[in-house]
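What follows is the content of entry_1.cif (mmCIF, C-alpha atoms).
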```
data_data
loop_
_atom_site.label_atom_id
_atom_site.label_comp_id
_atom_site.auth_asym_id
_atom_site.auth_seq_id
_atom_site.Cartn_x
_atom_site.Cartn_y
_atom_site.Cartn_z
CA MET A 195 57.90 71.10 11.37
CA GLN A 196 55.87 69.10 13.83
CA VAL A 197 55.72 65.29 14.06
CA LYS A 198 53.21 64.16 11.46
CA PRO A 199 49.99 62.57 12.83
CA SER A 200 48.04 59.91 10.94
CA ILE A 201 46.51 60.94 7.62
CA SER A 202 42.91 60.42 8.72
CA HIS A 203 43.44 62.20 12.05
CA GLN A 204 45.09 65.19 10.36
CA THR A 205 42.42 65.44 7.68
CA LEU A 206 39.52 65.29 10.14
CA ALA A 207 41.24 67.76 12.48
CA TRP A 208 41.75 70.26 9.66
CA LEU A 209 38.18 69.93 8.41
CA ARG A 210 36.85 70.37 11.96
CA ASP A 211 38.99 73.46 12.58
CA ILE A 212 38.14 75.02 9.21
CA LEU A 213 34.40 74.75 9.86
CA ALA A 214 34.78 75.84 13.49
CA LEU A 215 36.68 78.96 12.44
CA PHE A 216 34.10 79.79 9.79
CA ARG A 217 31.20 79.37 12.23
CA LYS A 218 32.76 81.87 14.66
CA THR A 219 32.13 84.90 12.44
CA PRO A 220 30.76 83.76 9.05
CA GLY A 221 29.90 87.29 7.98
CA LYS A 222 33.48 88.43 8.47
CA TRP A 223 34.87 85.53 6.47
CA MET A 224 32.36 86.03 3.67
CA LEU A 225 33.55 89.65 3.46
CA LEU A 226 37.13 88.39 3.28
CA GLY A 227 36.03 86.01 0.53
CA LEU A 228 34.37 88.95 -1.23
CA ALA A 229 37.65 90.89 -1.15
CA HIS A 230 39.47 87.86 -2.54
CA VAL A 231 36.96 87.33 -5.36
CA PHE A 232 36.73 91.04 -6.20
CA PHE A 233 40.44 91.87 -6.26
CA PHE A 234 41.71 88.63 -7.80
CA ALA A 235 38.86 87.39 -10.00
CA ILE A 236 36.51 90.23 -11.00
CA LEU A 237 38.69 93.36 -11.07
CA PRO A 238 41.58 91.89 -13.15
CA GLY A 239 39.11 90.73 -15.80
CA LEU A 240 37.37 94.12 -15.96
CA LEU A 241 40.43 96.38 -15.93
CA GLY A 242 43.13 94.13 -17.33
CA LEU A 243 45.00 94.11 -14.01
CA LYS A 244 45.72 90.39 -14.11
CA PHE A 245 49.46 90.66 -13.52
CA VAL A 246 49.11 93.36 -10.86
CA SER A 247 46.74 91.09 -8.95
CA PHE A 248 49.26 88.23 -9.04
CA LEU A 249 51.97 90.62 -7.88
CA LEU A 250 49.91 91.54 -4.79
CA LEU A 251 48.42 88.08 -4.19
CA PRO A 252 51.08 86.91 -1.64
CA ALA A 253 50.56 90.05 0.44
CA PHE A 254 46.79 89.49 0.45
CA LEU A 255 47.22 85.84 1.44
CA ALA A 256 49.52 86.87 4.30
CA LEU A 257 46.85 89.28 5.56
CA ALA A 258 44.15 86.60 5.25
CA VAL A 259 46.23 84.12 7.26
CA GLY A 260 46.79 86.86 9.84
CA PHE A 261 43.06 87.48 10.18
CA TYR A 262 42.37 83.78 10.74
CA ARG A 263 45.28 83.50 13.17
CA ASP A 264 43.91 86.32 15.28
CA ALA A 265 40.40 84.83 15.26
CA ASP A 266 41.79 81.42 16.18
CA GLN A 267 43.63 82.94 19.14
CA GLY A 268 40.58 84.89 20.31
CA ARG A 269 41.71 88.38 19.28
CA ASP A 270 39.85 91.01 17.29
CA SER A 271 41.65 91.51 14.00
CA ASP A 272 42.76 94.98 13.06
CA LEU A 273 43.79 95.60 9.47
CA GLY A 274 46.18 98.35 10.50
CA ASP A 275 48.01 96.10 12.96
CA LEU A 276 48.28 93.32 10.38
CA LEU A 277 49.59 95.73 7.76
CA ASN A 278 52.21 96.97 10.22
CA GLU A 279 53.14 93.37 10.99
CA ILE A 280 53.80 92.42 7.37
CA LYS A 281 55.18 95.83 6.35
CA PRO A 282 58.84 94.93 7.11
CA HIS A 283 58.48 91.92 4.81
CA PHE A 284 56.54 93.61 2.01
CA LEU A 285 59.46 93.61 -0.44
CA LYS A 286 59.85 89.85 0.03
CA LEU A 287 56.12 89.43 -0.55
CA LEU A 288 56.45 91.47 -3.73
CA SER A 289 59.32 89.19 -4.76
CA LEU A 290 57.00 86.21 -4.33
CA GLY A 291 54.42 88.12 -6.36
CA ALA A 292 56.96 88.76 -9.11
CA ILE A 293 57.67 85.02 -9.26
CA CYS A 294 53.93 84.46 -9.64
CA VAL A 295 53.75 87.00 -12.48
CA VAL A 296 56.68 85.40 -14.34
CA TYR A 297 55.14 81.96 -13.94
CA VAL A 298 51.73 83.18 -15.19
CA LEU A 299 53.45 84.72 -18.22
CA LEU A 300 55.07 81.35 -18.86
CA ILE A 301 51.69 79.64 -18.62
CA ASN A 302 50.28 82.13 -21.12
CA LEU A 303 53.09 81.31 -23.55
CA LEU A 304 52.52 77.58 -23.14
CA THR A 305 48.76 77.87 -23.73
CA VAL A 306 48.60 80.64 -26.32
CA ASP A 307 48.11 78.26 -29.26
CA ASP A 308 45.26 76.46 -27.46
CA SER A 309 43.61 79.79 -26.62
CA VAL A 310 43.86 81.00 -30.21
CA ARG A 311 42.32 77.77 -31.55
CA LEU A 312 39.51 78.03 -28.99
CA ALA A 313 38.83 81.67 -29.92
CA GLU A 314 38.68 80.78 -33.62
CA LEU A 315 36.37 77.86 -32.86
CA THR A 316 33.93 80.00 -30.87
CA LYS A 317 33.76 82.54 -33.72
CA SER A 318 33.00 79.82 -36.28
CA ASP A 319 29.87 77.73 -36.66
CA ALA A 320 31.31 74.94 -34.55
CA SER A 321 28.92 72.82 -32.54
CA GLN A 322 28.74 72.86 -28.75
CA GLU A 323 30.36 69.43 -28.64
CA GLU A 324 33.37 70.63 -30.67
CA ILE A 325 33.86 73.62 -28.39
CA VAL A 326 33.68 71.42 -25.29
CA GLU A 327 36.23 69.03 -26.83
CA GLN A 328 38.60 71.98 -27.21
CA VAL A 329 37.88 73.54 -23.81
CA MET A 330 38.35 70.43 -21.67
CA PRO A 331 41.99 69.71 -22.65
CA LEU A 332 42.84 73.39 -22.17
CA MET A 333 41.26 73.43 -18.69
CA ILE A 334 43.12 70.27 -17.67
CA LYS A 335 46.39 71.71 -19.02
CA LEU A 336 45.86 74.96 -17.10
CA MET A 337 45.06 73.12 -13.87
CA LEU A 338 48.21 71.02 -14.14
CA LEU A 339 50.35 74.05 -14.96
CA LEU A 340 48.94 75.99 -11.99
CA VAL A 341 49.85 73.26 -9.48
CA PRO A 342 53.47 74.49 -8.95
CA LEU A 343 52.18 78.03 -8.39
CA VAL A 344 49.73 76.81 -5.74
CA LEU A 345 52.52 74.83 -4.06
CA VAL A 346 54.59 77.99 -3.73
CA ILE A 347 51.97 80.48 -2.54
CA TRP A 348 50.15 78.14 -0.13
CA PHE A 349 52.72 78.37 2.67
CA ALA A 350 55.35 80.86 1.51
CA PRO A 351 53.50 84.18 2.18
CA ALA A 352 52.85 83.31 5.84
CA LEU A 353 56.39 81.98 6.32
CA VAL A 354 57.85 85.20 4.93
CA SER A 355 55.51 87.49 6.87
CA PHE A 356 55.18 85.82 10.25
CA GLN A 357 58.29 83.66 10.59
CA GLN A 358 60.88 85.85 8.85
CA TYR A 359 61.83 83.24 6.24
CA SER A 360 63.78 84.36 3.21
CA VAL A 361 61.97 84.02 -0.11
CA VAL A 362 64.10 81.07 -1.21
CA ARG A 363 63.75 79.28 2.13
CA ALA A 364 60.00 79.89 2.18
CA ILE A 365 59.60 78.39 -1.30
CA LYS A 366 61.73 75.36 -0.42
CA SER A 367 59.85 74.83 2.84
CA SER A 368 56.48 75.17 1.09
CA LEU A 369 57.41 72.53 -1.49
CA ALA A 370 58.80 70.23 1.23
CA ALA A 371 55.61 70.56 3.28
CA PHE A 372 53.47 69.62 0.29
CA ILE A 373 55.56 66.53 -0.34
CA GLN A 374 55.42 65.47 3.31
CA TYR A 375 51.71 66.26 3.84
CA PHE A 376 50.42 65.56 0.34
CA LEU A 377 47.66 63.09 1.25
CA PRO A 378 46.11 65.02 4.18
CA LEU A 379 46.27 68.24 2.15
CA LEU A 380 44.61 66.55 -0.82
CA LEU A 381 41.94 64.85 1.30
CA THR A 382 41.18 68.06 3.18
CA TRP A 383 40.87 69.93 -0.11
CA LEU A 384 38.43 67.28 -1.32
CA GLY A 385 36.50 67.56 1.96
CA VAL A 386 36.23 71.34 1.67
CA THR A 387 35.20 71.03 -1.98
CA LEU A 388 32.52 68.48 -1.04
CA THR A 389 31.24 70.82 1.68
CA ILE A 390 30.94 73.65 -0.83
CA MET A 391 29.16 71.39 -3.35
CA MET A 392 26.72 70.15 -0.72
CA SER A 393 25.97 73.71 0.38
CA MET A 394 25.39 74.72 -3.24
CA THR A 395 23.12 71.72 -3.82
CA LEU A 396 20.96 72.46 -0.79
CA ALA A 397 20.74 76.13 -1.72
CA GLY A 398 19.94 75.14 -5.31
CA ILE A 399 16.99 73.04 -4.11
CA LEU A 400 15.65 76.07 -2.25
CA VAL A 401 16.15 78.31 -5.28
CA GLY A 402 14.44 75.75 -7.50
CA THR A 403 11.45 75.67 -5.17
CA LEU A 404 11.16 79.45 -5.22
CA SER A 405 11.62 79.52 -9.00
CA ALA A 406 8.41 77.54 -9.36
CA ALA A 407 6.55 80.55 -7.99
CA SER A 408 8.44 83.21 -9.95
CA THR A 409 10.85 82.71 -12.85
CA ALA A 410 12.31 86.19 -12.50
CA LEU A 411 12.88 85.72 -8.78
CA GLY A 412 14.44 82.32 -9.44
CA GLY A 413 16.94 83.80 -11.91
CA PHE A 414 17.92 86.53 -9.47
CA LEU A 415 18.32 84.05 -6.62
CA MET A 416 20.43 81.79 -8.82
CA LEU A 417 22.88 84.65 -9.44
CA ILE A 418 23.06 85.28 -5.70
CA LEU A 419 23.58 81.55 -5.10
CA VAL A 420 26.50 81.32 -7.52
CA PHE A 421 28.14 84.45 -6.15
CA GLY A 422 27.58 83.34 -2.56
CA CYS A 423 29.18 79.96 -3.28
CA MET A 424 32.21 81.75 -4.73
CA LEU A 425 32.55 83.73 -1.49
CA LEU A 426 32.05 80.61 0.62
CA ALA A 427 34.68 78.74 -1.40
CA SER A 428 37.20 81.57 -0.96
CA ALA A 429 36.51 81.89 2.78
CA LEU A 430 36.87 78.15 3.44
CA MET A 431 39.99 77.76 1.30
CA LEU A 432 41.64 80.70 3.07
CA ALA A 433 40.75 79.08 6.41
CA PHE A 434 42.29 75.85 5.11
CA GLN A 435 45.43 77.75 4.17
CA TYR A 436 45.67 79.10 7.72
CA VAL A 437 45.10 75.85 9.63
CA SER A 438 47.58 73.95 7.45
CA ASN A 439 50.15 76.72 8.00
CA ARG A 440 49.45 76.65 11.73
CA ASP A 441 49.81 72.90 12.16
CA ILE A 442 52.63 72.11 9.74
CA PHE A 443 54.73 75.11 10.72
CA LYS A 444 54.61 76.35 14.29
CA MET A 445 53.09 79.75 13.59
CA PRO A 446 53.99 82.15 16.41
CA PRO A 447 51.52 84.62 17.89
CA PRO A 448 51.82 88.24 16.73
CA VAL A 449 54.52 90.36 18.32
CA ALA A 450 52.97 92.76 20.80
CA PRO A 451 53.48 96.39 19.80
CA GLU A 452 55.96 98.30 21.87
CA VAL A 453 54.42 100.72 24.34
CA GLU A 454 56.21 103.98 24.78
CA VAL A 455 56.85 104.92 28.41
CA LEU A 456 56.10 108.57 29.07
#
```
Reformat the file's structure so that it appears as C-alpha coordinates.
Amino acid sequence: MQVKPSISHQTLAWLRDILALFRKTPGKWMLLGLAHVFFFAILPGLLGLKFVSFLLLPAFLALAVGFYRDADQGRDSDLGDLLNEIKPHFLKLLSLGAICVVYVLLINLLTVDDSVRLAELTKSDASQEEIVEQVMPLMIKLMLLLVPLVLVIWFAPALVSFQQYSVVRAIKSSLAAFIQYFLPLLLTWLGVTLTIMMSMTLAGILVGTLSAASTALGGFLMLILVFGCMLLASALMLAFQYVSNRDIFKMPPPVAPEVEVL
(Lines of atoms letter the chains of each structure in order from A and count residues from 1; the text may use other names and numbers.)
(Lines give C-alpha, C1' and ligand atoms only; values in the text may rest on other atoms or scores of the structure.)
Protein backbone atom coordinates (compact mmCIF):
# COMPACT_ATOMS: atom_id res chain seq x y z
CA MET A 1 0.00 0.00 0.00
CA GLN A 2 1.07 3.55 -0.67
CA VAL A 3 2.19 6.10 1.94
CA LYS A 4 -0.97 7.61 3.37
CA PRO A 5 -1.54 11.33 2.61
CA SER A 6 -3.42 13.65 4.97
CA ILE A 7 -7.08 12.86 5.59
CA SER A 8 -8.39 16.09 4.06
CA HIS A 9 -6.11 15.82 1.01
CA GLN A 10 -7.13 12.21 0.38
CA THR A 11 -10.83 12.94 0.80
CA LEU A 12 -10.80 15.93 -1.54
CA ALA A 13 -8.70 14.05 -4.10
CA TRP A 14 -11.12 11.12 -4.12
CA LEU A 15 -14.18 13.36 -4.43
CA ARG A 16 -12.53 15.30 -7.28
CA ASP A 17 -11.59 12.11 -9.14
CA ILE A 18 -15.01 10.51 -8.64
CA LEU A 19 -16.80 13.51 -10.14
CA ALA A 20 -14.21 13.89 -12.91
CA LEU A 21 -14.64 10.25 -13.92
CA PHE A 22 -18.42 10.57 -13.91
CA ARG A 23 -18.34 13.73 -16.04
CA LYS A 24 -16.27 11.97 -18.73
CA THR A 25 -19.12 9.73 -19.89
CA PRO A 26 -22.13 10.16 -17.58
CA GLY A 27 -24.42 8.18 -19.86
CA LYS A 28 -22.13 5.16 -19.71
CA TRP A 29 -21.93 5.26 -15.93
CA MET A 30 -25.69 5.68 -15.57
CA LEU A 31 -26.09 2.53 -17.68
CA LEU A 32 -23.63 0.76 -15.38
CA GLY A 33 -25.68 2.01 -12.43
CA LEU A 34 -28.81 0.71 -14.16
CA ALA A 35 -27.23 -2.75 -14.47
CA HIS A 36 -26.27 -2.64 -10.80
CA VAL A 37 -29.76 -1.59 -9.66
CA PHE A 38 -31.54 -4.04 -11.98
CA PHE A 39 -29.49 -7.15 -11.24
CA PHE A 40 -28.93 -6.58 -7.52
CA ALA A 41 -31.98 -4.63 -6.34
CA ILE A 42 -34.95 -5.12 -8.69
CA LEU A 43 -34.50 -8.61 -10.17
CA PRO A 44 -33.81 -10.45 -6.87
CA GLY A 45 -36.97 -8.98 -5.36
CA LEU A 46 -39.11 -9.93 -8.37
CA LEU A 47 -37.79 -13.45 -8.96
CA GLY A 48 -36.51 -14.44 -5.54
CA LEU A 49 -32.90 -14.52 -6.79
CA LYS A 50 -31.51 -12.75 -3.74
CA PHE A 51 -28.82 -15.30 -2.95
CA VAL A 52 -27.83 -15.77 -6.60
CA SER A 53 -27.29 -12.01 -6.88
CA PHE A 54 -25.01 -12.02 -3.83
CA LEU A 55 -23.12 -14.97 -5.30
CA LEU A 56 -22.40 -13.00 -8.49
CA LEU A 57 -21.94 -9.60 -6.83
CA PRO A 58 -18.10 -9.79 -6.50
CA ALA A 59 -17.76 -10.63 -10.20
CA PHE A 60 -19.96 -7.66 -11.13
CA LEU A 61 -17.97 -5.33 -8.86
CA ALA A 62 -14.72 -6.53 -10.46
CA LEU A 63 -16.13 -5.72 -13.91
CA ALA A 64 -17.31 -2.29 -12.72
CA VAL A 65 -13.86 -1.46 -11.32
CA GLY A 66 -12.38 -2.62 -14.63
CA PHE A 67 -14.64 -0.29 -16.60
CA TYR A 68 -13.65 2.69 -14.45
CA ARG A 69 -9.97 1.72 -14.62
CA ASP A 70 -10.06 1.69 -18.41
CA ALA A 71 -11.86 5.04 -18.54
CA ASP A 72 -9.39 6.53 -16.07
CA GLN A 73 -6.49 5.38 -18.25
CA GLY A 74 -8.08 6.71 -21.45
CA ARG A 75 -9.08 3.39 -23.01
CA ASP A 76 -12.41 2.32 -24.45
CA SER A 77 -13.83 -0.43 -22.27
CA ASP A 78 -14.77 -3.70 -23.89
CA LEU A 79 -16.92 -6.10 -21.90
CA GLY A 80 -15.42 -9.10 -23.66
CA ASP A 81 -11.87 -8.08 -22.79
CA LEU A 82 -12.82 -7.47 -19.16
CA LEU A 83 -14.57 -10.83 -18.95
CA ASN A 84 -11.48 -12.53 -20.36
CA GLU A 85 -9.35 -10.65 -17.82
CA ILE A 86 -11.32 -11.84 -14.79
CA LYS A 87 -12.14 -15.28 -16.22
CA PRO A 88 -9.04 -17.00 -14.70
CA HIS A 89 -10.12 -15.71 -11.28
CA PHE A 90 -13.85 -16.43 -11.60
CA LEU A 91 -13.81 -19.34 -9.14
CA LYS A 92 -12.19 -17.11 -6.52
CA LEU A 93 -14.84 -14.46 -7.19
CA LEU A 94 -17.51 -17.12 -6.73
CA SER A 95 -15.85 -18.07 -3.45
CA LEU A 96 -16.17 -14.45 -2.33
CA GLY A 97 -19.79 -14.57 -3.47
CA ALA A 98 -20.38 -17.74 -1.45
CA ILE A 99 -19.03 -15.96 1.64
CA CYS A 100 -21.49 -13.15 0.94
CA VAL A 101 -24.37 -15.63 0.66
CA VAL A 102 -23.45 -17.35 3.94
CA TYR A 103 -23.19 -14.00 5.69
CA VAL A 104 -26.57 -12.84 4.31
CA LEU A 105 -28.13 -16.09 5.55
CA LEU A 106 -26.66 -15.35 8.96
CA ILE A 107 -28.13 -11.85 8.88
CA ASN A 108 -31.52 -13.32 8.00
CA LEU A 109 -31.32 -15.65 11.01
CA LEU A 110 -30.35 -12.78 13.31
CA THR A 111 -33.21 -10.57 12.10
CA VAL A 112 -35.96 -13.12 11.51
CA ASP A 113 -37.77 -12.36 14.78
CA ASP A 114 -37.74 -8.61 14.06
CA SER A 115 -39.07 -9.22 10.54
CA VAL A 116 -41.87 -11.45 11.82
CA ARG A 117 -42.93 -8.86 14.41
CA LEU A 118 -42.89 -6.15 11.75
CA ALA A 119 -44.99 -8.27 9.37
CA GLU A 120 -47.54 -8.95 12.11
CA LEU A 121 -47.63 -5.26 13.00
CA THR A 122 -48.29 -4.17 9.41
CA LYS A 123 -51.17 -6.66 9.13
CA SER A 124 -52.77 -5.38 12.34
CA ASP A 125 -54.44 -2.04 12.98
CA ALA A 126 -51.23 -0.54 14.33
CA SER A 127 -50.68 3.17 13.87
CA GLN A 128 -48.04 4.64 11.59
CA GLU A 129 -46.00 5.68 14.61
CA GLU A 130 -45.93 2.11 15.98
CA ILE A 131 -44.77 0.74 12.64
CA VAL A 132 -42.02 3.35 12.39
CA GLU A 133 -40.90 2.51 15.94
CA GLN A 134 -40.50 -1.11 14.84
CA VAL A 135 -38.89 -0.35 11.47
CA MET A 136 -36.18 2.03 12.68
CA PRO A 137 -34.42 -0.40 15.07
CA LEU A 138 -34.55 -3.11 12.39
CA MET A 139 -33.01 -0.78 9.78
CA ILE A 140 -30.23 0.27 12.17
CA LYS A 141 -29.57 -3.39 13.06
CA LEU A 142 -29.39 -4.34 9.37
CA MET A 143 -27.02 -1.48 8.57
CA LEU A 144 -24.68 -2.46 11.39
CA LEU A 145 -24.76 -6.13 10.39
CA LEU A 146 -24.01 -5.27 6.75
CA VAL A 147 -20.86 -3.30 7.62
CA PRO A 148 -18.55 -6.39 7.70
CA LEU A 149 -19.91 -7.49 4.32
CA VAL A 150 -19.17 -4.06 2.81
CA LEU A 151 -15.66 -4.16 4.29
CA VAL A 152 -14.98 -7.45 2.51
CA ILE A 153 -16.44 -6.74 -0.94
CA TRP A 154 -15.18 -3.16 -1.26
CA PHE A 155 -11.58 -4.06 -2.14
CA ALA A 156 -11.46 -7.86 -2.36
CA PRO A 157 -13.05 -8.40 -5.85
CA ALA A 158 -10.54 -6.08 -7.56
CA LEU A 159 -7.61 -7.53 -5.60
CA VAL A 160 -8.60 -11.05 -6.65
CA SER A 161 -9.27 -10.15 -10.28
CA PHE A 162 -6.54 -7.66 -11.13
CA GLN A 163 -3.76 -8.35 -8.64
CA GLN A 164 -4.01 -12.15 -8.32
CA TYR A 165 -4.61 -12.13 -4.55
CA SER A 166 -5.91 -15.28 -2.93
CA VAL A 167 -9.38 -15.01 -1.40
CA VAL A 168 -8.04 -15.06 2.16
CA ARG A 169 -5.33 -12.50 1.42
CA ALA A 170 -7.80 -10.24 -0.39
CA ILE A 171 -10.19 -10.30 2.58
CA LYS A 172 -7.38 -9.58 5.05
CA SER A 173 -6.03 -6.76 2.88
CA SER A 174 -9.51 -5.27 2.46
CA LEU A 175 -10.09 -5.20 6.21
CA ALA A 176 -6.61 -3.76 6.83
CA ALA A 177 -7.19 -1.00 4.26
CA PHE A 178 -10.46 -0.01 5.92
CA ILE A 179 -8.77 0.23 9.30
CA GLN A 180 -5.90 2.31 7.92
CA TYR A 181 -8.05 4.58 5.72
CA PHE A 182 -11.22 4.65 7.80
CA LEU A 183 -11.61 8.42 8.11
CA PRO A 184 -10.96 9.37 4.44
CA LEU A 185 -13.23 6.52 3.31
CA LEU A 186 -15.97 7.65 5.68
CA LEU A 187 -15.63 11.33 4.76
CA THR A 188 -15.61 10.54 1.04
CA TRP A 189 -18.72 8.40 1.46
CA LEU A 190 -20.40 11.31 3.25
CA GLY A 191 -19.29 13.66 0.45
CA VAL A 192 -20.71 11.39 -2.25
CA THR A 193 -23.93 10.98 -0.27
CA LEU A 194 -24.23 14.77 0.10
CA THR A 195 -23.68 15.19 -3.64
CA ILE A 196 -26.48 12.74 -4.37
CA MET A 197 -28.81 14.46 -1.89
CA MET A 198 -28.07 17.89 -3.37
CA SER A 199 -28.72 16.59 -6.89
CA MET A 200 -32.00 15.05 -5.73
CA THR A 201 -33.02 18.28 -4.00
CA LEU A 202 -32.36 20.42 -7.07
CA ALA A 203 -34.18 17.95 -9.30
CA GLY A 204 -37.04 17.83 -6.78
CA ILE A 205 -37.43 21.62 -6.98
CA LEU A 206 -37.74 21.34 -10.75
CA VAL A 207 -40.25 18.51 -10.46
CA GLY A 208 -42.25 20.48 -7.90
CA THR A 209 -42.39 23.45 -10.26
CA LEU A 210 -43.64 21.28 -13.11
CA SER A 211 -46.14 19.55 -10.80
CA ALA A 212 -47.86 22.89 -10.28
CA ALA A 213 -48.85 22.80 -13.95
CA SER A 214 -49.83 19.12 -14.09
CA THR A 215 -50.30 16.72 -11.19
CA ALA A 216 -50.09 13.66 -13.44
CA LEU A 217 -46.89 14.91 -15.04
CA GLY A 218 -45.46 15.69 -11.61
CA GLY A 219 -46.10 12.15 -10.38
CA PHE A 220 -44.46 10.65 -13.45
CA LEU A 221 -41.45 12.95 -13.14
CA MET A 222 -41.11 12.09 -9.45
CA LEU A 223 -40.82 8.38 -10.33
CA ILE A 224 -38.14 9.22 -12.89
CA LEU A 225 -36.36 11.39 -10.31
CA VAL A 226 -36.24 8.63 -7.70
CA PHE A 227 -35.07 6.04 -10.22
CA GLY A 228 -32.49 8.43 -11.68
CA CYS A 229 -31.10 9.15 -8.21
CA MET A 230 -30.75 5.41 -7.61
CA LEU A 231 -28.71 5.11 -10.83
CA LEU A 232 -26.62 8.16 -9.92
CA ALA A 233 -25.94 6.77 -6.45
CA SER A 234 -24.82 3.42 -7.89
CA ALA A 235 -22.60 5.06 -10.54
CA LEU A 236 -20.88 7.36 -8.04
CA MET A 237 -20.38 4.65 -5.41
CA LEU A 238 -18.86 2.33 -8.02
CA ALA A 239 -16.54 5.16 -9.07
CA PHE A 240 -15.63 5.63 -5.40
CA GLN A 241 -14.88 1.93 -5.14
CA TYR A 242 -12.50 2.21 -8.10
CA VAL A 243 -10.57 5.32 -7.02
CA SER A 244 -10.10 3.99 -3.48
CA ASN A 245 -8.84 0.68 -4.93
CA ARG A 246 -6.54 2.55 -7.28
CA ASP A 247 -4.98 4.79 -4.65
CA ILE A 248 -4.77 2.45 -1.67
CA PHE A 249 -3.56 -0.52 -3.69
CA LYS A 250 -1.36 0.08 -6.72
CA MET A 251 -3.75 -1.23 -9.34
CA PRO A 252 -1.79 -2.32 -12.42
CA PRO A 253 -2.93 -1.60 -15.97
CA PRO A 254 -4.57 -4.48 -17.85
CA VAL A 255 -2.31 -7.09 -19.36
CA ALA A 256 -2.12 -6.61 -23.11
CA PRO A 257 -3.53 -9.59 -25.02
CA GLU A 258 -0.98 -11.74 -26.74
CA VAL A 259 -0.80 -11.28 -30.49
CA GLU A 260 -0.26 -14.39 -32.50
CA VAL A 261 2.53 -14.10 -35.07
CA LEU A 262 1.56 -15.61 -38.40
message: Please determine, counting all atoms listed in the file, which residue among A:Ile442, A:Met224, A:Leu287, A:Leu396 has the shortest atom-to-atom distance to A:Ser367.
response: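 Of all the options, A:Ile442 lies closest to A:Ser367.
Here atom CA of A:Phe434 is placed at a distance of 7.2 Å from atom CA of A:Trp208.
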Please report the interatomic distance between atom CA of A:Met431 and atom CA of A:Leu228 in Å with one decimal.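 Distance reported for this atom pair: 12.8 Å.
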Could you state which residues are captured by the PyMOL selection byres ((chain A and resi 427) around 10) in this file, as a PyMOL selection string? chain A and resi 224+227+231+386-387+389-391+421-426+428-433
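Considering all atoms listed in the file, the residue among A:Ile399, A:Ala352, A:Leu380, A:Ile236 positioned nearest to A:Pro446 is A:Ala352.
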